[in-house]
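As provided, entry.tsv (TSV, C-alpha atoms) reads as follows.
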chain	number	residue	atom	x	y	z
X	1	MET	CA	-23.21	-14.93	21.04
X	2	ARG	CA	-19.98	-15.69	22.85
X	3	PRO	CA	-18.05	-12.59	23.99
X	4	TYR	CA	-14.55	-11.94	22.76
X	5	LEU	CA	-13.13	-11.57	26.25
X	6	ARG	CA	-12.63	-14.45	28.65
X	7	GLU	CA	-15.02	-14.68	31.57
X	8	GLY	CA	-13.90	-13.19	34.85
X	9	PRO	CA	-11.95	-10.00	35.51
X	10	LEU	CA	-11.23	-7.98	32.39
X	11	THR	CA	-7.77	-8.63	31.10
X	12	ARG	CA	-5.75	-7.64	28.04
X	13	VAL	CA	-5.67	-11.20	26.77
X	14	VAL	CA	-7.58	-11.80	23.56
X	15	ASP	CA	-9.90	-14.82	23.60
X	16	ALA	CA	-8.82	-16.50	20.39
X	17	GLU	CA	-11.27	-19.36	20.91
X	18	ALA	CA	-14.12	-16.84	20.93
X	19	VAL	CA	-12.81	-15.38	17.66
X	20	ILE	CA	-12.97	-18.86	16.12
X	21	ALA	CA	-16.50	-19.34	17.47
X	22	ARG	CA	-17.58	-16.08	15.79
X	23	LEU	CA	-16.03	-17.23	12.53
X	24	ARG	CA	-17.93	-20.50	12.63
X	25	GLU	CA	-21.19	-18.70	13.44
X	26	THR	CA	-20.66	-16.37	10.48
X	27	ASP	CA	-19.91	-19.28	8.17
X	28	ALA	CA	-22.99	-21.18	9.31
X	29	ARG	CA	-25.16	-18.20	8.33
X	30	SER	CA	-23.45	-16.92	5.20
X	31	GLY	CA	-20.58	-19.15	4.16
X	32	GLY	CA	-19.62	-18.68	0.51
X	33	ALA	CA	-22.39	-16.13	-0.09
X	34	ARG	CA	-20.88	-12.84	1.10
X	35	GLU	CA	-20.06	-11.46	-2.33
X	36	ALA	CA	-19.64	-7.69	-2.10
X	37	TRP	CA	-22.60	-5.49	-3.03
X	38	GLY	CA	-25.09	-8.23	-2.16
X	39	ALA	CA	-27.79	-8.64	0.49
X	40	THR	CA	-25.98	-11.34	2.47
X	41	TRP	CA	-22.78	-9.29	2.66
X	42	LEU	CA	-24.76	-6.26	3.80
X	43	ALA	CA	-26.57	-8.25	6.50
X	44	GLU	CA	-23.31	-9.65	7.89
X	45	ARG	CA	-21.79	-6.18	7.98
X	46	GLY	CA	-24.76	-5.06	10.06
X	47	ARG	CA	-24.04	-7.86	12.53
X	48	LEU	CA	-20.41	-6.76	12.72
X	49	ASP	CA	-21.57	-3.22	13.52
X	50	ALA	CA	-23.76	-4.49	16.36
X	51	LEU	CA	-20.95	-6.65	17.68
X	52	ALA	CA	-18.50	-3.73	17.72
X	53	ARG	CA	-20.98	-1.53	19.58
X	54	SER	CA	-21.45	-4.26	22.21
X	55	ILE	CA	-17.72	-4.33	23.01
X	56	SER	CA	-17.59	-0.95	24.74
X	57	ASP	CA	-19.38	2.39	24.86
X	58	SER	CA	-16.03	3.90	23.84
X	59	VAL	CA	-16.05	2.14	20.44
X	60	THR	CA	-17.56	4.14	17.58
X	61	VAL	CA	-18.83	2.76	14.27
X	62	GLU	CA	-18.16	4.95	11.25
X	63	THR	CA	-18.59	4.58	7.49
X	64	ASP	CA	-16.34	6.53	5.15
X	65	PRO	CA	-17.47	7.79	1.71
X	66	PHE	CA	-16.48	4.49	0.06
X	67	ALA	CA	-18.57	2.03	2.09
X	68	ASN	CA	-15.62	1.06	4.30
X	69	THR	CA	-16.65	0.51	7.93
X	70	TRP	CA	-14.40	1.73	10.76
X	71	TYR	CA	-14.55	0.51	14.36
X	72	VAL	CA	-12.60	3.02	16.44
X	73	LEU	CA	-11.34	2.91	20.03
X	74	PRO	CA	-9.97	6.40	20.89
X	75	GLY	CA	-6.57	6.52	22.54
X	76	ALA	CA	-4.72	9.27	24.37
X	77	ASP	CA	-3.33	10.35	20.98
X	78	ALA	CA	-5.06	10.62	17.60
X	79	GLU	CA	-2.20	8.69	16.01
X	80	THR	CA	-3.87	5.49	14.87
X	81	VAL	CA	-2.89	1.85	14.63
X	82	LEU	CA	-5.06	0.26	11.95
X	83	VAL	CA	-6.12	-3.37	11.75
X	84	GLY	CA	-7.83	-4.03	8.43
X	85	SER	CA	-9.24	-6.81	6.30
X	86	HIS	CA	-12.50	-7.61	4.49
X	87	SER	CA	-15.79	-9.38	5.18
X	88	ASP	CA	-16.65	-10.12	1.54
X	89	CYS	CA	-15.74	-13.44	-0.08
X	90	VAL	CA	-15.71	-15.03	-3.50
X	91	PRO	CA	-18.81	-17.04	-4.45
X	92	GLY	CA	-18.45	-20.43	-2.79
X	93	GLY	CA	-15.49	-19.22	-0.74
X	94	GLY	CA	-14.28	-20.49	2.60
X	95	TRP	CA	-14.78	-19.54	6.23
X	96	LEU	CA	-11.52	-17.67	6.83
X	97	ASP	CA	-10.45	-15.60	3.82
X	98	GLY	CA	-10.77	-11.96	4.87
X	99	ILE	CA	-13.32	-12.44	7.61
X	100	LEU	CA	-10.59	-13.90	9.89
X	101	GLY	CA	-8.91	-10.50	9.92
X	102	ILE	CA	-12.13	-8.72	10.87
X	103	HIS	CA	-13.12	-10.99	13.77
X	104	ALA	CA	-9.52	-11.21	14.99
X	105	GLY	CA	-9.27	-7.42	14.82
X	106	LEU	CA	-12.47	-6.99	16.81
X	107	GLY	CA	-11.21	-9.57	19.30
X	108	VAL	CA	-8.04	-7.56	19.80
X	109	LEU	CA	-10.10	-4.37	20.02
X	110	ALA	CA	-12.16	-5.95	22.80
X	111	ALA	CA	-9.03	-7.00	24.67
X	112	ILE	CA	-7.51	-3.52	24.43
X	113	ALA	CA	-10.81	-1.86	25.39
X	114	GLY	CA	-10.88	-4.04	28.51
X	115	GLY	CA	-7.71	-2.41	29.83
X	116	SER	CA	-6.64	1.16	30.40
X	117	ARG	CA	-6.93	3.75	27.67
X	118	PRO	CA	-4.30	2.99	24.98
X	119	PRO	CA	-1.62	5.57	24.19
X	120	ARG	CA	-2.68	5.58	20.54
X	121	THR	CA	-6.06	5.19	18.86
X	122	LEU	CA	-6.93	1.71	17.59
X	123	ALA	CA	-9.15	1.23	14.55
X	124	VAL	CA	-10.42	-1.91	12.82
X	125	VAL	CA	-11.59	-1.40	9.26
X	126	ASP	CA	-13.72	-3.66	7.07
X	127	TRP	CA	-12.69	-2.71	3.52
X	128	ALA	CA	-15.47	-2.92	0.93
X	129	ASP	CA	-15.01	-5.36	-1.96
X	130	GLU	CA	-11.49	-6.70	-1.59
X	131	GLU	CA	-12.19	-9.69	-3.83
X	132	GLY	CA	-13.37	-7.81	-6.93
X	133	THR	CA	-15.49	-10.74	-8.10
X	134	ARG	CA	-18.42	-8.68	-9.36
X	135	PHE	CA	-16.60	-5.97	-11.31
X	136	GLY	CA	-13.14	-7.49	-11.77
X	137	ARG	CA	-11.41	-4.74	-9.77
X	138	SER	CA	-9.79	-5.99	-6.57
X	139	LEU	CA	-9.23	-3.78	-3.50
X	140	LEU	CA	-12.04	-1.43	-4.51
X	141	GLY	CA	-12.81	0.19	-1.15
X	142	SER	CA	-9.22	0.47	0.05
X	143	SER	CA	-8.07	1.86	-3.31
X	144	ALA	CA	-10.83	4.45	-3.21
X	145	ALA	CA	-9.86	5.45	0.33
X	146	THR	CA	-6.15	5.80	-0.46
X	147	GLY	CA	-6.75	7.69	-3.70
X	148	ALA	CA	-5.67	5.02	-6.18
X	149	LEU	CA	-9.14	4.44	-7.67
X	150	THR	CA	-10.24	7.13	-10.13
X	151	ALA	CA	-13.73	8.16	-11.14
X	152	SER	CA	-13.11	7.21	-14.76
X	153	GLU	CA	-11.88	3.76	-13.74
X	154	LEU	CA	-15.02	3.16	-11.68
X	155	ARG	CA	-17.23	4.33	-14.55
X	156	GLY	CA	-15.56	1.78	-16.82
X	157	LEU	CA	-16.51	-1.16	-14.60
X	158	ALA	CA	-19.63	-3.31	-15.04
X	159	ASP	CA	-20.73	-6.75	-13.89
X	160	ALA	CA	-21.58	-9.76	-16.05
X	161	ASP	CA	-25.20	-8.58	-16.37
X	162	GLY	CA	-24.12	-5.17	-17.66
X	163	SER	CA	-24.93	-3.24	-14.47
X	164	SER	CA	-22.49	-0.37	-14.04
X	165	ALA	CA	-20.34	-0.27	-10.93
X	166	PRO	CA	-21.30	3.33	-10.01
X	167	ASP	CA	-25.00	2.45	-10.11
X	168	VAL	CA	-24.54	-0.63	-7.95
X	169	VAL	CA	-22.11	0.63	-5.30
X	170	SER	CA	-24.00	3.88	-4.79
X	171	ARG	CA	-26.88	1.82	-3.41
X	172	PHE	CA	-24.57	0.57	-0.64
X	173	GLY	CA	-23.29	3.92	0.63
X	174	PHE	CA	-20.42	4.43	-1.80
X	175	ASP	CA	-20.28	8.14	-2.71
X	176	THR	CA	-19.13	8.09	-6.34
X	177	GLY	CA	-18.94	11.88	-6.31
X	178	ALA	CA	-16.14	11.69	-3.74
X	179	LEU	CA	-13.86	10.29	-6.48
X	180	ALA	CA	-14.21	13.38	-8.67
X	181	GLY	CA	-11.14	15.44	-9.44
X	182	ALA	CA	-8.63	12.65	-8.77
X	183	GLU	CA	-7.67	11.51	-12.27
X	184	ARG	CA	-4.03	10.71	-11.50
X	185	ALA	CA	-1.88	7.70	-12.27
X	186	ASP	CA	0.35	7.99	-9.21
X	187	PRO	CA	-1.34	6.40	-6.16
X	188	ALA	CA	0.91	8.26	-3.71
X	189	PHE	CA	-1.30	11.29	-3.27
X	190	GLY	CA	-3.72	12.59	-0.69
X	191	PHE	CA	-6.06	10.18	1.09
X	192	ARG	CA	-9.79	10.47	0.51
X	193	SER	CA	-10.78	8.67	3.71
X	194	PRO	CA	-10.09	11.18	6.53
X	195	ARG	CA	-9.19	8.50	9.07
X	196	LEU	CA	-6.20	7.35	6.99
X	197	ALA	CA	-4.35	10.63	7.59
X	198	GLU	CA	-3.91	9.63	11.26
X	199	VAL	CA	-2.65	6.07	10.60
X	200	VAL	CA	0.96	5.52	11.69
X	201	ALA	CA	0.96	1.74	11.25
X	202	ALA	CA	-1.38	-0.77	9.59
X	203	CYS	CA	-1.50	-4.53	9.98
X	204	GLU	CA	-3.63	-7.43	8.79
X	205	LEU	CA	-4.02	-11.07	9.81
X	206	HIS	CA	-4.91	-13.39	6.94
X	207	ILE	CA	-4.63	-17.02	5.99
X	208	GLU	CA	-1.72	-17.76	3.70
X	209	GLN	CA	-3.85	-19.34	0.92
X	210	GLY	CA	-0.77	-21.34	-0.09
X	211	PRO	CA	1.25	-24.31	1.20
X	212	THR	CA	4.50	-22.71	2.38
X	213	LEU	CA	3.82	-22.42	6.12
X	214	GLN	CA	2.25	-25.85	6.48
X	215	ARG	CA	5.13	-27.48	4.63
X	216	SER	CA	7.65	-25.77	6.90
X	217	GLY	CA	5.71	-26.62	10.08
X	218	ARG	CA	5.03	-22.98	10.99
X	219	SER	CA	1.74	-21.72	12.41
X	220	VAL	CA	2.15	-18.01	11.73
X	221	ALA	CA	4.67	-15.76	9.97
X	222	ALA	CA	5.32	-12.18	8.98
X	223	VAL	CA	4.73	-11.23	5.34
X	224	SER	CA	7.31	-9.21	3.41
X	225	GLY	CA	5.10	-8.11	0.51
X	226	CYS	CA	2.81	-9.11	-2.35
X	227	LEU	CA	3.37	-10.20	-5.94
X	228	GLY	CA	2.66	-7.74	-8.71
X	229	VAL	CA	-0.45	-8.31	-10.82
X	230	ARG	CA	-1.59	-7.61	-14.36
X	231	ARG	CA	-5.23	-8.50	-15.04
X	232	GLN	CA	-6.87	-8.26	-18.46
X	233	GLN	CA	-10.14	-9.13	-20.16
X	234	ILE	CA	-9.46	-10.54	-23.65
X	235	THR	CA	-11.84	-11.34	-26.51
X	236	PHE	CA	-10.96	-13.51	-29.52
X	237	THR	CA	-13.37	-13.03	-32.43
X	238	GLY	CA	-13.30	-15.56	-35.27
X	239	GLU	CA	-15.89	-17.05	-37.58
X	240	ALA	CA	-18.77	-19.29	-36.56
X	241	GLY	CA	-19.29	-22.58	-38.38
X	242	HIS	CA	-20.89	-26.00	-38.20
X	243	ALA	CA	-18.92	-28.54	-36.15
X	244	GLY	CA	-19.49	-31.23	-38.78
X	245	ALA	CA	-19.09	-29.19	-41.95
X	246	THR	CA	-16.21	-26.75	-41.39
X	247	PRO	CA	-12.78	-28.29	-42.23
X	248	MET	CA	-10.17	-27.85	-39.52
X	249	ALA	CA	-7.78	-26.06	-41.87
X	250	ASP	CA	-10.43	-23.48	-42.78
X	251	ARG	CA	-11.49	-22.61	-39.26
X	252	ARG	CA	-10.95	-19.28	-37.52
X	253	ASP	CA	-11.79	-20.83	-34.18
X	254	PRO	CA	-11.41	-18.41	-31.25
X	255	VAL	CA	-11.54	-21.17	-28.63
X	256	ARG	CA	-8.72	-23.07	-30.34
X	257	ASP	CA	-6.62	-19.90	-30.65
X	258	ALA	CA	-7.28	-19.02	-27.02
X	259	ALA	CA	-6.21	-22.51	-25.92
X	260	ARG	CA	-2.98	-22.35	-27.93
X	261	TRP	CA	-2.23	-18.91	-26.59
X	262	LEU	CA	-2.83	-19.96	-22.98
X	263	ALA	CA	-0.65	-23.06	-23.30
X	264	SER	CA	2.26	-21.03	-24.67
X	265	LEU	CA	1.81	-18.26	-22.08
X	266	SER	CA	1.63	-20.77	-19.22
X	267	ASP	CA	4.93	-22.27	-20.32
X	268	ALA	CA	6.47	-18.78	-20.46
X	269	ALA	CA	5.17	-17.94	-16.98
X	270	GLN	CA	6.53	-21.15	-15.49
X	271	ALA	CA	9.94	-20.60	-17.09
X	272	ALA	CA	10.06	-17.05	-15.67
X	273	GLY	CA	9.05	-18.10	-12.15
X	274	GLY	CA	5.72	-16.29	-12.51
X	275	LEU	CA	2.04	-17.22	-12.66
X	276	ALA	CA	-0.49	-17.07	-15.51
X	277	THR	CA	-4.14	-17.90	-14.88
X	278	VAL	CA	-7.30	-17.89	-16.97
X	279	GLY	CA	-10.02	-18.15	-14.36
X	280	ARG	CA	-12.97	-17.55	-16.68
X	281	ILE	CA	-13.53	-18.55	-20.30
X	282	GLU	CA	-16.76	-18.24	-22.28
X	283	ALA	CA	-17.58	-19.36	-25.83
X	284	ASP	CA	-20.33	-17.74	-27.91
X	285	PRO	CA	-22.36	-19.54	-29.08
X	286	ALA	CA	-21.74	-22.12	-26.37
X	287	ILE	CA	-23.21	-25.21	-28.09
X	288	ALA	CA	-21.60	-28.55	-28.81
X	289	THR	CA	-22.29	-28.56	-32.57
X	290	ALA	CA	-20.85	-25.17	-33.55
X	291	VAL	CA	-17.48	-23.53	-33.93
X	292	ALA	CA	-17.76	-20.48	-31.71
X	293	ARG	CA	-17.66	-17.01	-33.18
X	294	ARG	CA	-16.27	-15.42	-30.03
X	295	CYS	CA	-14.28	-16.46	-26.96
X	296	ARG	CA	-13.96	-14.20	-23.94
X	297	LEU	CA	-11.57	-14.86	-21.09
X	298	SER	CA	-9.87	-13.31	-18.08
X	299	LEU	CA	-6.10	-13.24	-17.72
X	300	ASP	CA	-4.22	-12.86	-14.43
X	301	LEU	CA	-0.41	-12.55	-14.49
X	302	ARG	CA	1.71	-12.37	-11.32
X	303	HIS	CA	5.38	-12.08	-10.45
X	304	ALA	CA	7.50	-10.88	-7.54
X	305	ASP	CA	9.87	-8.92	-9.80
X	306	LEU	CA	8.56	-5.88	-11.68
X	307	ASP	CA	10.84	-6.32	-14.71
X	308	GLN	CA	9.89	-9.97	-15.02
X	309	LEU	CA	6.20	-9.08	-14.68
X	310	ARG	CA	6.51	-6.53	-17.48
X	311	ALA	CA	8.33	-9.05	-19.66
X	312	LEU	CA	5.61	-11.63	-19.04
X	313	GLU	CA	2.93	-9.10	-19.95
X	314	ALA	CA	4.82	-8.24	-23.15
X	315	ARG	CA	5.07	-11.94	-24.02
X	316	ALA	CA	1.31	-12.32	-23.56
X	317	MET	CA	0.69	-9.49	-26.01
X	318	GLU	CA	3.26	-10.89	-28.47
X	319	LEU	CA	1.56	-14.29	-28.45
X	320	LEU	CA	-1.83	-12.67	-29.09
X	321	GLY	CA	-0.39	-11.35	-32.37
X	322	GLU	CA	-0.06	-14.93	-33.62
X	323	SER	CA	-3.81	-15.54	-33.51
X	324	ARG	CA	-5.84	-15.89	-36.73
X	325	CYS	CA	-8.69	-14.18	-34.92
X	326	GLU	CA	-9.30	-10.54	-34.11
X	327	VAL	CA	-8.24	-9.76	-30.55
X	328	ASP	CA	-9.70	-7.03	-28.34
X	329	LEU	CA	-8.40	-6.05	-24.92
X	330	GLY	CA	-10.83	-4.93	-22.24
X	331	SER	CA	-10.54	-3.46	-18.76
X	332	GLN	CA	-7.25	-3.99	-16.96
X	333	TYR	CA	-6.14	-3.99	-13.33
X	334	ARG	CA	-2.49	-3.29	-12.58
X	335	GLN	CA	-0.62	-3.61	-9.31
X	336	ASP	CA	3.16	-3.50	-9.11
X	337	PRO	CA	4.95	-5.78	-6.61
X	338	VAL	CA	4.55	-4.45	-3.08
X	339	ALA	CA	7.14	-4.46	-0.29
X	340	PHE	CA	5.82	-3.98	3.24
X	341	ASP	CA	7.53	-1.66	5.72
X	342	PRO	CA	10.88	-3.26	6.72
X	343	ALA	CA	10.72	-2.05	10.32
X	344	LEU	CA	7.18	-3.39	10.76
X	345	VAL	CA	8.12	-6.68	9.10
X	346	LYS	CA	10.90	-7.05	11.69
X	347	VAL	CA	8.48	-6.39	14.57
X	348	ALA	CA	5.91	-8.76	13.05
X	349	ALA	CA	8.53	-11.51	12.71
X	350	SER	CA	9.46	-11.10	16.37
X	351	VAL	CA	5.86	-11.49	17.62
X	352	CYS	CA	5.60	-14.63	15.46
X	353	GLY	CA	8.58	-16.15	17.23
X	354	GLY	CA	11.12	-15.44	14.51
X	355	GLY	CA	11.61	-17.16	11.19
X	356	ASP	CA	11.98	-15.70	7.73
X	357	PRO	CA	9.07	-13.64	6.39
X	358	VAL	CA	7.06	-15.10	3.51
X	359	ARG	CA	5.73	-13.38	0.40
X	360	SER	CA	2.07	-13.26	-0.57
X	361	GLY	CA	0.97	-14.40	-4.01
X	362	PRO	CA	-2.62	-13.16	-3.58
X	363	LEU	CA	-3.50	-9.47	-3.37
X	364	HIS	CA	-4.70	-7.89	-0.13
X	365	ASP	CA	-6.01	-4.49	0.95
X	366	SER	CA	-2.71	-4.06	2.79
X	367	ALA	CA	-1.04	-3.76	-0.61
X	368	ALA	CA	-3.17	-0.71	-1.41
X	369	LEU	CA	-2.15	0.89	1.89
X	370	ALA	CA	1.54	0.16	1.36
X	371	GLN	CA	1.42	1.55	-2.18
X	372	ALA	CA	-0.03	4.75	-0.73
X	373	GLY	CA	2.92	5.15	1.64
X	374	ILE	CA	1.29	3.92	4.85
X	375	PRO	CA	3.65	1.76	6.96
X	376	THR	CA	2.04	-1.65	6.60
X	377	VAL	CA	2.65	-5.30	7.42
X	378	MET	CA	0.72	-8.60	7.35
X	379	LEU	CA	0.68	-11.83	9.33
X	380	PHE	CA	-0.19	-15.18	7.76
X	381	CYS	CA	-1.68	-18.28	9.38
X	382	ALA	CA	-0.92	-21.64	7.77
X	383	SER	CA	-3.52	-22.93	5.29
X	384	LEU	CA	-4.23	-26.66	5.25
X	385	GLY	CA	-3.24	-27.97	1.84
X	386	GLY	CA	-2.78	-24.41	0.64
X	387	ILE	CA	-6.46	-24.38	-0.38
X	388	SER	CA	-8.47	-21.15	-0.51
X	389	HIS	CA	-11.33	-19.56	-2.47
X	390	SER	CA	-13.11	-22.86	-1.89
X	391	ARG	CA	-15.44	-24.39	0.69
X	392	ALA	CA	-12.55	-26.76	1.45
X	393	GLU	CA	-10.48	-23.84	2.79
X	394	ASP	CA	-9.29	-24.58	6.32
X	395	THR	CA	-6.71	-23.84	9.02
X	396	SER	CA	-6.17	-25.83	12.20
X	397	GLU	CA	-7.51	-24.26	15.39
X	398	PRO	CA	-4.05	-24.20	17.05
X	399	ASP	CA	-2.71	-22.26	14.06
X	400	LEU	CA	-5.66	-19.85	14.16
X	401	ILE	CA	-5.11	-19.29	17.88
X	402	ALA	CA	-1.42	-18.62	17.24
X	403	GLY	CA	-2.32	-16.09	14.56
X	404	VAL	CA	-4.86	-14.21	16.67
X	405	GLN	CA	-2.47	-14.07	19.61
X	406	ALA	CA	0.38	-12.86	17.37
X	407	LEU	CA	-1.89	-10.11	16.02
X	408	HIS	CA	-2.67	-9.04	19.60
X	409	ARG	CA	1.02	-8.90	20.49
X	410	LEU	CA	1.76	-6.89	17.35
X	411	VAL	CA	-1.02	-4.39	17.97
X	412	ALA	CA	-0.02	-3.98	21.62
X	413	ARG	CA	3.53	-3.17	20.52
X	414	LEU	CA	2.34	-0.67	17.93
X	415	LEU	CA	-0.02	1.12	20.29
X	416	GLU	CA	2.85	2.17	22.53
X	417	THR	CA	4.08	5.61	21.50
X	418	PRO	CA	7.87	6.01	21.04

Is it possible to express this structure as structure tokens?
Amino acid sequence: MRPYLREGPLTRVVDAEAVIARLRETDARSGGAREAWGATWLAERGRLDALARSISDSVTVETDPFANTWYVLPGADAETVLVGSHSDCVPGGGWLDGILGIHAGLGVLAAIAGGSRPPRTLAVVDWADEEGTRFGRSLLGSSAATGALTASELRGLADADGSSAPDVVSRFGFDTGALAGAERADPAFGFRSPRLAEVVAACELHIEQGPTLQRSGRSVAAVSGCLGVRRQQITFTGEAGHAGATPMADRRDPVRDAARWLASLSDAAQAAGGLATVGRIEADPAIATAVARRCRLSLDLRHADLDQLRALEARAMELLGESRCEVDLGSQYRQDPVAFDPALVKVAASVCGGGDPVRSGPLHDSAALAQAGIPTVMLFCASLGGISHSRAEDTSEPDLIAGVQALHRLVARLLETP
């Protein structure tokens, strides 16, 4: 495998082309199949461990109680600059989402390790289960590490086959007992991952997953924060009937009610400048000749403004009251809008060559860190067509190189003690 550092005398210049080569190798082996808590994800994490160990004898590989993997280069001081992202992906996902931040972070780690001992410690962390595709709870590993995930919340999670989250994650090194005694609503309390107590600044390189940077002709930009999220599982229960024998006026059709509700909510979200998405919908029975008895769906609401997000959530609940069917609400994920550290955003903008910061619509592990009070910032690379969570996801190589180099400049700045 190609090394991260350029051939010849060791320098402190990251080899961005080697980072891209690693990304393509990873995608060739496991593209679109690295769903968290699966065999392919676990195998790729093992390869990342081996790669980190090959960088330098000074780099240690550690796993915290929540299956997060830490690659640590000790500095003269225990104060730590953290580069974090995730190696898991959604089913059928692309070659850059999350994994870019891991390989870029290790590339920067290799460049720093090739020079003199840094003033501060540098750590790269691979957060476990950022996507939340199996259990519906995003940012699982980072939320557990910061203290935002509670034991009762984890116990309430299960996958589509009915397997409980505690049973599954415990097979991958997640210590569910380490969550005990932390039943609090406020995420701004003590960290459960010991390494986090030393972090003085955290950063993450990610693809934008939207069209803003490409449309403005920018390769890379600082990120000011993330939209707030409200995620809900909703079940409409009506009355089953024959498709040819049940008059339309007599039907208590959960699919029809769900469709009406979604259309009205989508209009409300658009008018408020927010987002409303139903990414999964299931009818039961799912046959062409029957009115379904039950319709289950997922709802994802997002907005940059907390008051507007709350109003949109209230409108969703109000519209549910108009249904002729019984409505049950299931597990919910909540994340208020996140603002990244203003001082770090300013530094990040400078290493990107200036330009206004952009805001992230998708969630990221960096949001969990910022919510816990850790000074945090992100960098975005432009996404071609704004496409992500798809095999069509792509970013031009010049833009990827610009992003990796900007991350290196940012980390080098942050490693210098005041």

Starting from 8 Å padding per side, set up an axis-aligned box that covers all listed atoms of segment 140-150 of chain X and hand over centre and edge lengths in Å, one decimal, as JSON.
{"center_x": -9.2, "center_y": 3.1, "center_z": -4.9, "size_x": 23.1, "size_y": 25.1, "size_z": 26.5}

- Mind giving me the straight-line distance from atom CA of Ala259 of chain X to atom CA of Ser390 of chain X in Å, one decimal?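 So the answer is 25.0 Å.
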
Mind checking which residues fall within 10 Å of Val81 of chain X, counting only C-alpha atoms, ignoring those fewer than 3 positions away in the same chain, and posting them as a short mmCIF file (atom, residue, chain, number, x, y, z; two decimals) with C-alpha atoms, keeping the file's coordinate frame?
data_model
loop_
_atom_site.label_atom_id
_atom_site.label_comp_id
_atom_site.auth_asym_id
_atom_site.auth_seq_id
_atom_site.Cartn_x
_atom_site.Cartn_y
_atom_site.Cartn_z
CA VAL X 72 -12.60 3.02 16.44
CA GLY X 75 -6.57 6.52 22.54
CA ALA X 78 -5.06 10.62 17.60
CA GLY X 84 -7.83 -4.03 8.43
CA ARG X 120 -2.68 5.58 20.54
CA THR X 121 -6.06 5.19 18.86
CA LEU X 122 -6.93 1.71 17.59
CA ALA X 123 -9.15 1.23 14.55
CA VAL X 124 -10.42 -1.91 12.82
CA LEU X 196 -6.20 7.35 6.99
CA GLU X 198 -3.91 9.63 11.26
CA VAL X 199 -2.65 6.07 10.60
CA VAL X 200 0.96 5.52 11.69
CA ALA X 201 0.96 1.74 11.25
CA ALA X 202 -1.38 -0.77 9.59
CA CYS X 203 -1.50 -4.53 9.98
CA VAL X 411 -1.02 -4.39 17.97
CA ALA X 412 -0.02 -3.98 21.62
CA LEU X 414 2.34 -0.67 17.93
CA LEU X 415 -0.02 1.12 20.29
CA GLU X 416 2.85 2.17 22.53
#

- Option closest in space to Cys295 of chain X, from X:Arg310, X:Arg260, X:Thr235, X:Phe172 [counting only C-alpha atoms]: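 For Cys295 of chain X, the nearest of the candidates is X:Thr235.
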
- Query: For Leu369 of chain X, which residue among X:Ala21, X:Leu96, X:Ala339, X:Leu227 is the nearest when counting all atoms listed in the file?
  - Reply: X:Ala339

- atom CA of Arg34 of chain X and atom CA of Pro91 of chain X are how many Å apart?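 Interatomic distance, atom CA of Arg34 of chain X to atom CA of Pro91 of chain X: 7.3 Å.
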
- Message: When you count only C-alpha atoms, which of these residues is closest to His303 of chain X: X:Arg29, X:Arg334, X:Arg218, X:His103?
- Response: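 Among X:Arg29, X:Arg334, X:Arg218, X:His103, it is X:Arg334 that comes nearest to His303 of chain X.
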
Do you know which residues lie at most 10 Å from (-16.7, -8.2, -10.1), with coordinates as in the file and all atoms listed in the file counted, and could you write them as a PDB file with C-alpha atoms, keeping the file's coordinate frame?
ATOM      1  CA  GLU X  35     -20.060 -11.460  -2.330  1.00  0.00           C
ATOM      2  CA  ALA X  36     -19.640  -7.690  -2.100  1.00  0.00           C
ATOM      3  CA  TRP X  37     -22.600  -5.490  -3.030  1.00  0.00           C
ATOM      4  CA  VAL X  90     -15.710 -15.030  -3.500  1.00  0.00           C
ATOM      5  CA  ASP X 129     -15.010  -5.360  -1.960  1.00  0.00           C
ATOM      6  CA  GLU X 131     -12.190  -9.690  -3.830  1.00  0.00           C
ATOM      7  CA  GLY X 132     -13.370  -7.810  -6.930  1.00  0.00           C
ATOM      8  CA  THR X 133     -15.490 -10.740  -8.100  1.00  0.00           C
ATOM      9  CA  ARG X 134     -18.420  -8.680  -9.360  1.00  0.00           C
ATOM     10  CA  PHE X 135     -16.600  -5.970 -11.310  1.00  0.00           C
ATOM     11  CA  GLY X 136     -13.140  -7.490 -11.770  1.00  0.00           C
ATOM     12  CA  ARG X 137     -11.410  -4.740  -9.770  1.00  0.00           C
ATOM     13  CA  SER X 138      -9.790  -5.990  -6.570  1.00  0.00           C
ATOM     14  CA  LEU X 140     -12.040  -1.430  -4.510  1.00  0.00           C
ATOM     15  CA  LEU X 157     -16.510  -1.160 -14.600  1.00  0.00           C
ATOM     16  CA  ALA X 158     -19.630  -3.310 -15.040  1.00  0.00           C
ATOM     17  CA  ASP X 159     -20.730  -6.750 -13.890  1.00  0.00           C
ATOM     18  CA  ALA X 160     -21.580  -9.760 -16.050  1.00  0.00           C
ATOM     19  CA  ALA X 165     -20.340  -0.270 -10.930  1.00  0.00           C
TER      20      ALA X 165
END

- Message: Around (-7.9, -16.7, 1.0), as given in the file, which residues come within 6 Å? Count only C-alpha atoms and list them as a PyMOL selection string.
- Response: chain X and resi 97+207+209+388-389

- Item | Residue with smallest distance to Asp305 of chain X - pool X:Arg359, X:Arg391, X:Arg171, X:His364, counting all atoms listed in the file |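 The answer is X:Arg359, which sits nearest to Asp305 of chain X.
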
- Query: What separation in Å, quoted to one decimal, exists between atom CA of Thr60 of chain X and atom CA of Val83 of chain X?
  - Reply: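 Going from atom CA of Thr60 of chain X over to atom CA of Val83 of chain X, I get 14.9 Å.
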
- Shortest interatomic distance to Val220 of chain X - which of X:Val345, X:Cys89, X:Leu299, X:Ala406, counting only C-alpha atoms: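 Nearest to Val220 of chain X: X:Ala406.
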